[in-house]
Amino acid sequence: MRVALRARFMAVLSLVLSFSVTGTSGSVLAAAESHPPFETEVIVRTVNQFKNKADVLNFVAMSKRYGVDVISMNVKQDEDDEVPSGRVFYRSDIAPIAQGYENFDALREVLTAAHDAGIQVHAWIPQFHDQEAFRKHAEWQMQSLVNGVQTPFKGANGNEYFVNPLHHEVQQYERSIIREVIENYPVDGVVLDWIRFDNYNMDVSDYTVAKYQAQFGYSPLDIDFETDSPQREQWNAWRTEQIGQYVGDIRQDISQSSNPDLRLGVYILPPEFREVGQDVSKFKQHIDFVAPMAYFDDWGFNSDWVYSTEYGILKDTSDRISGHPVDIVATLDNDWTDDEYQEVYKGIRDNYPGVKRLSFFAYGTWPEAELAKINERTTWPTPDWTPPVEQDYPAQLPAGWKARNIGSMPGNAAYHSSKKQFTMSSRSTDIWGRADQLNFVYQPVKGDAEMTLQVRSMDLMSGWAKAGIMIRESLDADSKHADMMLTSENGAAFQYRVDTKGITADRTADASTPSWLKLSRKGNTFTGSISTDGKKWQTVGTVNISMSRQVYIGMALSNPGDDPGSKAVFGNVKITAR
């Protein structure tokens with residue numbers, strides 16, 4: 001369901017919420033009546049949730065208690081963790097059955113209990129992420145081009161197993177599993193997942209190369225997959241069309257089955273992942289619903305990316321399915337803040353009123369408390385909610401310094417006069433994409449300026465936590481900026497956003513804590529440098545940004561982790577205005 005893919009872009013949108021007030025109880029009633037409850041779907045990983053019949057009965061009872069309308073059940077393993085991908089959780093004559101499920105037909109038990117409780121069950125069936133098929137059939141393995149060599153693709157960490165989505169035998173095998181499920185089990189729908197590649201450089205097996213060359217007259221092995229070009233675009237369009245045709249074949253299988261009206265849906269990645277060859281517009285005529293994975297924080301976006309009418313996942317999905325009666329089931333996370341849920345729910349209701357169902361994914365076991373929270377939120381936004389306003393927070397800092405959580409995420413700051421150092425914290429934040437979430441200790445400055453400091457330590461932080469110097473045009477999350485950052489485990493990075501609401505780019509260098517950093521502005525030229533001693537400097541990057549004369553300069557900290565004890569220590573802080 002989730003993938004470790006790089007993509008981080010965001011922007012924050014301030015919202016104003018207003019209701020007609022005719023007395024407290026009257027206004028609350030009117031608000032409740034104006035917000036019909038969203039339907040609720042929960043996505044369940046069988047290996048975590050259903051180990052025996054008692055687990056099934058307990059979960060279905062909880063689901064009924066908290067208003068769950070649909071259980072999307074993993075009937076074929078998606079990830080390579082507790083169980084290898086490709087194993088199934090029902091009585092199959094085709095696919096290998098997951099260990100521990102040989103005598104426990106989880107799909108049958110869930111269907112029986114859920115239907116007795118009036119809850120629908122969708123069979124969530126991942127497709128081309130399939131370790132069992134990968135290992136059994138070498139000729140089915142997805143091949144990637146690595147340094148000019150065709151190589152079986154096993155993911156960045158060597159533990160992901162894809163089969164070739166274009167191989168006719170692979171397609172027949174995966175389709176046969178779907179047919180087996182729908183002919184033997186009274187499921188209410190089928191949801192496809194992992195119908196994609198992982199990057200531009202795959203599949204390049206001999207099978208696919210021959211197929212492509214026969215159609216276009218040249219080998220895809222000659223394409224530079226690292227660089228955008230007409231050849232790469234043609235290659236990606238061809239792969240994307242093949243995926244679309246595959247979904248059409250599954251629709252035909254369903255139409256010819258004993259349950260021809262069965263609903264078919266697909267979980268899709270954000271539109272930014274063009275390299276995976278997945279485009280809902282290529283198969284919209286074959287599906288009944290599409291479930292865009294709107295995990296904005298996981299992908300590195302800001303919350304308005306979910307519901308914006310200018311960009312984002314629901315905007316893109318809505319545009320691509322235009323002209324066909326396809327329902328959108330917005331697929332959300334279950335660990336956001338209340339304000340984030342209020343904002344996202346309001347944005348969906350205002351901008352995409354056709355969205356009637358919200359789906360929620362949990363990688364592990366579903367806690368009862370989370371189902372209860374989802375049930376409480378079905379009519380949100382609440383009538384008394386207003387968007388939080390970003391402002392400076394109180395902090396004991398030297399004269400001239402102020403502190404702010406840009407992106408409204410938690411963080412604090414303090415200054416230790418005897419040690420002449422600043423200590424800052426930050427959680428669930430990132431400086432990347434189209435907007436930022438960070439803790440910023442800053443002061444205004446006009447014209448040219450230079451700032452140096454030493455990052456002395458970074459404790460209990462994510463490997464991609466960033467501590468360093470930033471110059472921002474404004475205190476808005478989507479502001480132009482340049483920064484020179486040290487990460488906890490991944491070296492140093494000179495980052496910049498050239499345009500307001502634009503994407504962030506970076507240039508990197510090897511470095512580790514402690515290190516000295518320097519960021520300078522001369523006109524519209526920004527330069528970031530690193531040093532081990534504060535004397536001999538190495539330039540990491542330089543960029544031109546058209547930025548106003550009045551800017552904000554200071555110490556910036558972001559940390560994707562959530563350890564409340566995380567902190568970074570800065571010393572030898574010096575600003576020179578020119």
# chains A, B, ... in the order shown; residues from 1 in each chain; ligands from 1
$ residues_around --residues "stretch 385-393 of chain A" --least-positions-apart "3" --cutoff "12 Å" --atoms "only C-alpha atoms" --output "PDB file with C-alpha atoms, in the first residue's frame"
ATOM      1  CA  VAL A  12      -0.402  25.826   2.928  1.00  0.00           C
ATOM      2  CA  LEU A  13      -3.826  27.358   2.409  1.00  0.00           C
ATOM      3  CA  SER A  14      -5.494  29.488   5.101  1.00  0.00           C
ATOM      4  CA  LEU A  15      -9.203  28.785   5.338  1.00  0.00           C
ATOM      5  CA  VAL A  16     -11.997  30.845   6.869  1.00  0.00           C
ATOM      6  CA  LEU A  17     -14.924  28.924   8.300  1.00  0.00           C
ATOM      7  CA  SER A  18     -18.209  30.681   8.983  1.00  0.00           C
ATOM      8  CA  PHE A  19     -21.702  29.556   9.943  1.00  0.00           C
ATOM      9  CA  VAL A  28     -24.776  23.222  15.940  1.00  0.00           C
ATOM     10  CA  ALA A  31     -24.080  22.616  10.935  1.00  0.00           C
ATOM     11  CA  THR A 337      -3.773  16.320  13.961  1.00  0.00           C
ATOM     12  CA  ASP A 338      -7.377  17.365  14.596  1.00  0.00           C
ATOM     13  CA  ASP A 339      -6.771  20.673  12.826  1.00  0.00           C
ATOM     14  CA  GLU A 340      -5.435  18.822   9.776  1.00  0.00           C
ATOM     15  CA  TYR A 341      -8.526  16.606   9.644  1.00  0.00           C
ATOM     16  CA  GLN A 342     -10.826  19.603  10.101  1.00  0.00           C
ATOM     17  CA  GLU A 343      -9.061  21.420   7.270  1.00  0.00           C
ATOM     18  CA  VAL A 344      -8.950  18.446   4.896  1.00  0.00           C
ATOM     19  CA  TYR A 345     -12.562  17.467   5.528  1.00  0.00           C
ATOM     20  CA  LYS A 346     -13.698  21.051   4.922  1.00  0.00           C
ATOM     21  CA  GLY A 347     -11.604  21.277   1.775  1.00  0.00           C
ATOM     22  CA  TRP A 380     -16.445  17.337  10.437  1.00  0.00           C
ATOM     23  CA  PRO A 381     -15.603  20.182  10.172  1.00  0.00           C
ATOM     24  CA  THR A 382     -17.244  21.072  13.455  1.00  0.00           C
ATOM     25  CA  GLN A 396      13.672  32.944  26.028  1.00  0.00           C
ATOM     26  CA  LEU A 397      15.940  34.335  23.315  1.00  0.00           C
ATOM     27  CA  TRP A 401      15.430  37.084  17.906  1.00  0.00           C
ATOM     28  CA  LYS A 402      11.934  35.646  17.465  1.00  0.00           C
ATOM     29  CA  ALA A 403      10.658  32.075  17.129  1.00  0.00           C
ATOM     30  CA  ARG A 404       7.899  30.618  14.963  1.00  0.00           C
ATOM     31  CA  ASN A 405       6.608  27.199  13.937  1.00  0.00           C
ATOM     32  CA  ILE A 406       6.089  27.634  10.213  1.00  0.00           C
ATOM     33  CA  GLY A 407       3.554  25.039   9.122  1.00  0.00           C
ATOM     34  CA  SER A 408       1.971  24.975  12.608  1.00  0.00           C
ATOM     35  CA  MET A 409       3.881  21.917  13.811  1.00  0.00           C
ATOM     36  CA  PRO A 410       5.339  21.498  17.316  1.00  0.00           C
ATOM     37  CA  GLY A 411       8.699  22.919  18.253  1.00  0.00           C
ATOM     38  CA  ASN A 412      10.362  25.164  20.811  1.00  0.00           C
ATOM     39  CA  ALA A 413      13.579  27.108  21.299  1.00  0.00           C
ATOM     40  CA  ALA A 414      15.771  28.381  24.121  1.00  0.00           C
ATOM     41  CA  GLN A 437       7.124  22.826   8.067  1.00  0.00           C
ATOM     42  CA  LEU A 438       9.892  23.899  10.418  1.00  0.00           C
ATOM     43  CA  ASN A 439      10.894  25.616  13.624  1.00  0.00           C
ATOM     44  CA  PHE A 440      12.488  28.972  12.752  1.00  0.00           C
ATOM     45  CA  VAL A 441      14.419  31.251  15.107  1.00  0.00           C
ATOM     46  CA  TYR A 442      14.881  34.385  13.076  1.00  0.00           C
ATOM     47  CA  GLN A 443      15.330  38.114  12.734  1.00  0.00           C
ATOM     48  CA  LEU A 475       7.249  33.668   6.950  1.00  0.00           C
ATOM     49  CA  ASP A 476       4.672  31.899   4.783  1.00  0.00           C
ATOM     50  CA  ALA A 477       5.211  28.167   4.401  1.00  0.00           C
TER      51      ALA A 477
END
$ residues_around --residues "A:Arg45" --least-positions-apart "3" --cutoff "9 Å" --atoms "only C-alpha atoms" --output "list of chain:residue names"
A:Asn48, A:Gln49, A:Phe50, A:Ser72, A:Met73, A:Asn74, A:Val75, A:Gln77, A:Asp78, A:Phe361, A:Ala362, A:Tyr363, A:Gly364, A:Thr365
$ select_by_dssp --residues "stretch 95-311 of chain A" --states "strand (DSSP E or B)" --output "NGL selection string"
:A and (97 or 120-126 or 129 or 141 or 143-146 or 149-152 or 162-163 or 189-193 or 202 or 263-268 or 289-293)
$ write_last_selection --atoms "N, CA and C atoms" --output "short mmCIF file (atom, residue, chain, number, x, y, z; two decimals), in the first residue's frame"
data_model
loop_
_atom_site.label_atom_id
_atom_site.label_comp_id
_atom_site.auth_asym_id
_atom_site.auth_seq_id
_atom_site.Cartn_x
_atom_site.Cartn_y
_atom_site.Cartn_z
N ILE A 97 -0.55 -20.37 -0.23
CA ILE A 97 -1.27 -19.85 0.93
C ILE A 97 -0.27 -19.42 1.99
N GLN A 120 -19.94 -4.13 4.01
CA GLN A 120 -19.42 -4.65 2.75
C GLN A 120 -17.95 -5.03 2.89
N VAL A 121 -17.52 -5.94 2.02
CA VAL A 121 -16.13 -6.38 2.01
C VAL A 121 -15.58 -6.26 0.59
N HIS A 122 -14.49 -5.53 0.45
CA HIS A 122 -13.78 -5.45 -0.82
C HIS A 122 -12.51 -6.29 -0.74
N ALA A 123 -12.27 -7.04 -1.78
CA ALA A 123 -11.04 -7.84 -1.85
C ALA A 123 -9.92 -6.97 -2.39
N TRP A 124 -8.99 -6.60 -1.53
CA TRP A 124 -7.83 -5.80 -1.92
C TRP A 124 -6.77 -6.79 -2.44
N ILE A 125 -6.49 -6.70 -3.75
CA ILE A 125 -5.63 -7.70 -4.40
C ILE A 125 -4.45 -7.02 -5.08
N PRO A 126 -3.31 -6.90 -4.40
CA PRO A 126 -2.11 -6.35 -5.04
C PRO A 126 -1.71 -7.21 -6.25
N HIS A 129 3.53 -6.66 -7.38
CA HIS A 129 4.49 -6.81 -6.28
C HIS A 129 4.26 -8.20 -5.72
N GLN A 141 10.53 -12.06 -13.86
CA GLN A 141 11.09 -11.03 -12.99
C GLN A 141 11.19 -9.68 -13.70
N GLN A 143 12.87 -6.51 -14.77
CA GLN A 143 14.27 -6.18 -14.99
C GLN A 143 14.43 -4.66 -15.06
N SER A 144 15.44 -4.14 -14.37
CA SER A 144 15.77 -2.72 -14.45
C SER A 144 17.13 -2.56 -15.10
N LEU A 145 17.34 -1.42 -15.75
CA LEU A 145 18.62 -1.15 -16.39
C LEU A 145 19.49 -0.38 -15.41
N VAL A 146 20.56 -1.03 -14.95
CA VAL A 146 21.47 -0.44 -13.97
C VAL A 146 22.87 -0.41 -14.56
N VAL A 149 23.21 -2.52 -17.55
CA VAL A 149 23.05 -3.96 -17.39
C VAL A 149 21.62 -4.28 -16.96
N GLN A 150 21.00 -5.26 -17.61
CA GLN A 150 19.67 -5.73 -17.21
C GLN A 150 19.79 -6.49 -15.89
N THR A 151 19.06 -6.00 -14.87
CA THR A 151 19.22 -6.52 -13.52
C THR A 151 17.85 -6.79 -12.90
N PRO A 152 17.63 -7.97 -12.30
CA PRO A 152 16.35 -8.21 -11.61
C PRO A 152 16.12 -7.15 -10.54
N PHE A 162 9.24 -7.36 -7.73
CA PHE A 162 8.26 -7.06 -8.76
C PHE A 162 8.35 -8.07 -9.89
N VAL A 163 7.19 -8.43 -10.43
CA VAL A 163 7.16 -9.18 -11.68
C VAL A 163 6.80 -8.21 -12.81
N GLY A 189 -16.68 -6.10 -3.88
CA GLY A 189 -15.86 -5.33 -4.80
C GLY A 189 -14.44 -5.87 -4.82
N VAL A 190 -13.71 -5.48 -5.84
CA VAL A 190 -12.29 -5.82 -5.96
C VAL A 190 -11.51 -4.52 -6.10
N VAL A 191 -10.43 -4.39 -5.32
CA VAL A 191 -9.57 -3.21 -5.41
C VAL A 191 -8.17 -3.66 -5.80
N LEU A 192 -7.68 -3.13 -6.91
CA LEU A 192 -6.34 -3.46 -7.38
C LEU A 192 -5.31 -2.52 -6.76
N ASP A 193 -4.11 -3.04 -6.61
CA ASP A 193 -3.01 -2.25 -6.05
C ASP A 193 -1.72 -2.73 -6.71
N MET A 202 12.53 0.43 -16.08
CA MET A 202 12.00 -0.92 -16.02
C MET A 202 10.62 -0.97 -16.68
N ARG A 263 -18.18 -4.40 -8.35
CA ARG A 263 -17.50 -3.12 -8.45
C ARG A 263 -15.98 -3.32 -8.48
N LEU A 264 -15.34 -2.55 -9.34
CA LEU A 264 -13.89 -2.62 -9.50
C LEU A 264 -13.28 -1.26 -9.21
N GLY A 265 -12.23 -1.26 -8.39
CA GLY A 265 -11.53 -0.02 -8.06
C GLY A 265 -10.03 -0.21 -8.07
N VAL A 266 -9.31 0.90 -7.96
CA VAL A 266 -7.86 0.87 -7.99
C VAL A 266 -7.31 1.88 -7.00
N TYR A 267 -6.31 1.47 -6.21
CA TYR A 267 -5.54 2.41 -5.40
C TYR A 267 -4.47 3.02 -6.31
N ILE A 268 -4.38 4.35 -6.31
CA ILE A 268 -3.41 5.00 -7.19
C ILE A 268 -2.47 5.91 -6.39
N PHE A 289 -14.66 2.90 -9.15
CA PHE A 289 -14.14 3.88 -8.18
C PHE A 289 -12.62 3.87 -8.22
N VAL A 290 -12.07 5.00 -7.80
CA VAL A 290 -10.62 5.15 -7.72
C VAL A 290 -10.29 5.68 -6.34
N ALA A 291 -9.24 5.13 -5.74
CA ALA A 291 -8.87 5.50 -4.38
C ALA A 291 -7.47 6.12 -4.38
N PRO A 292 -7.39 7.45 -4.57
CA PRO A 292 -6.09 8.12 -4.55
C PRO A 292 -5.50 8.15 -3.15
N MET A 293 -4.24 7.75 -3.03
CA MET A 293 -3.56 7.68 -1.74
C MET A 293 -3.13 9.09 -1.33
#
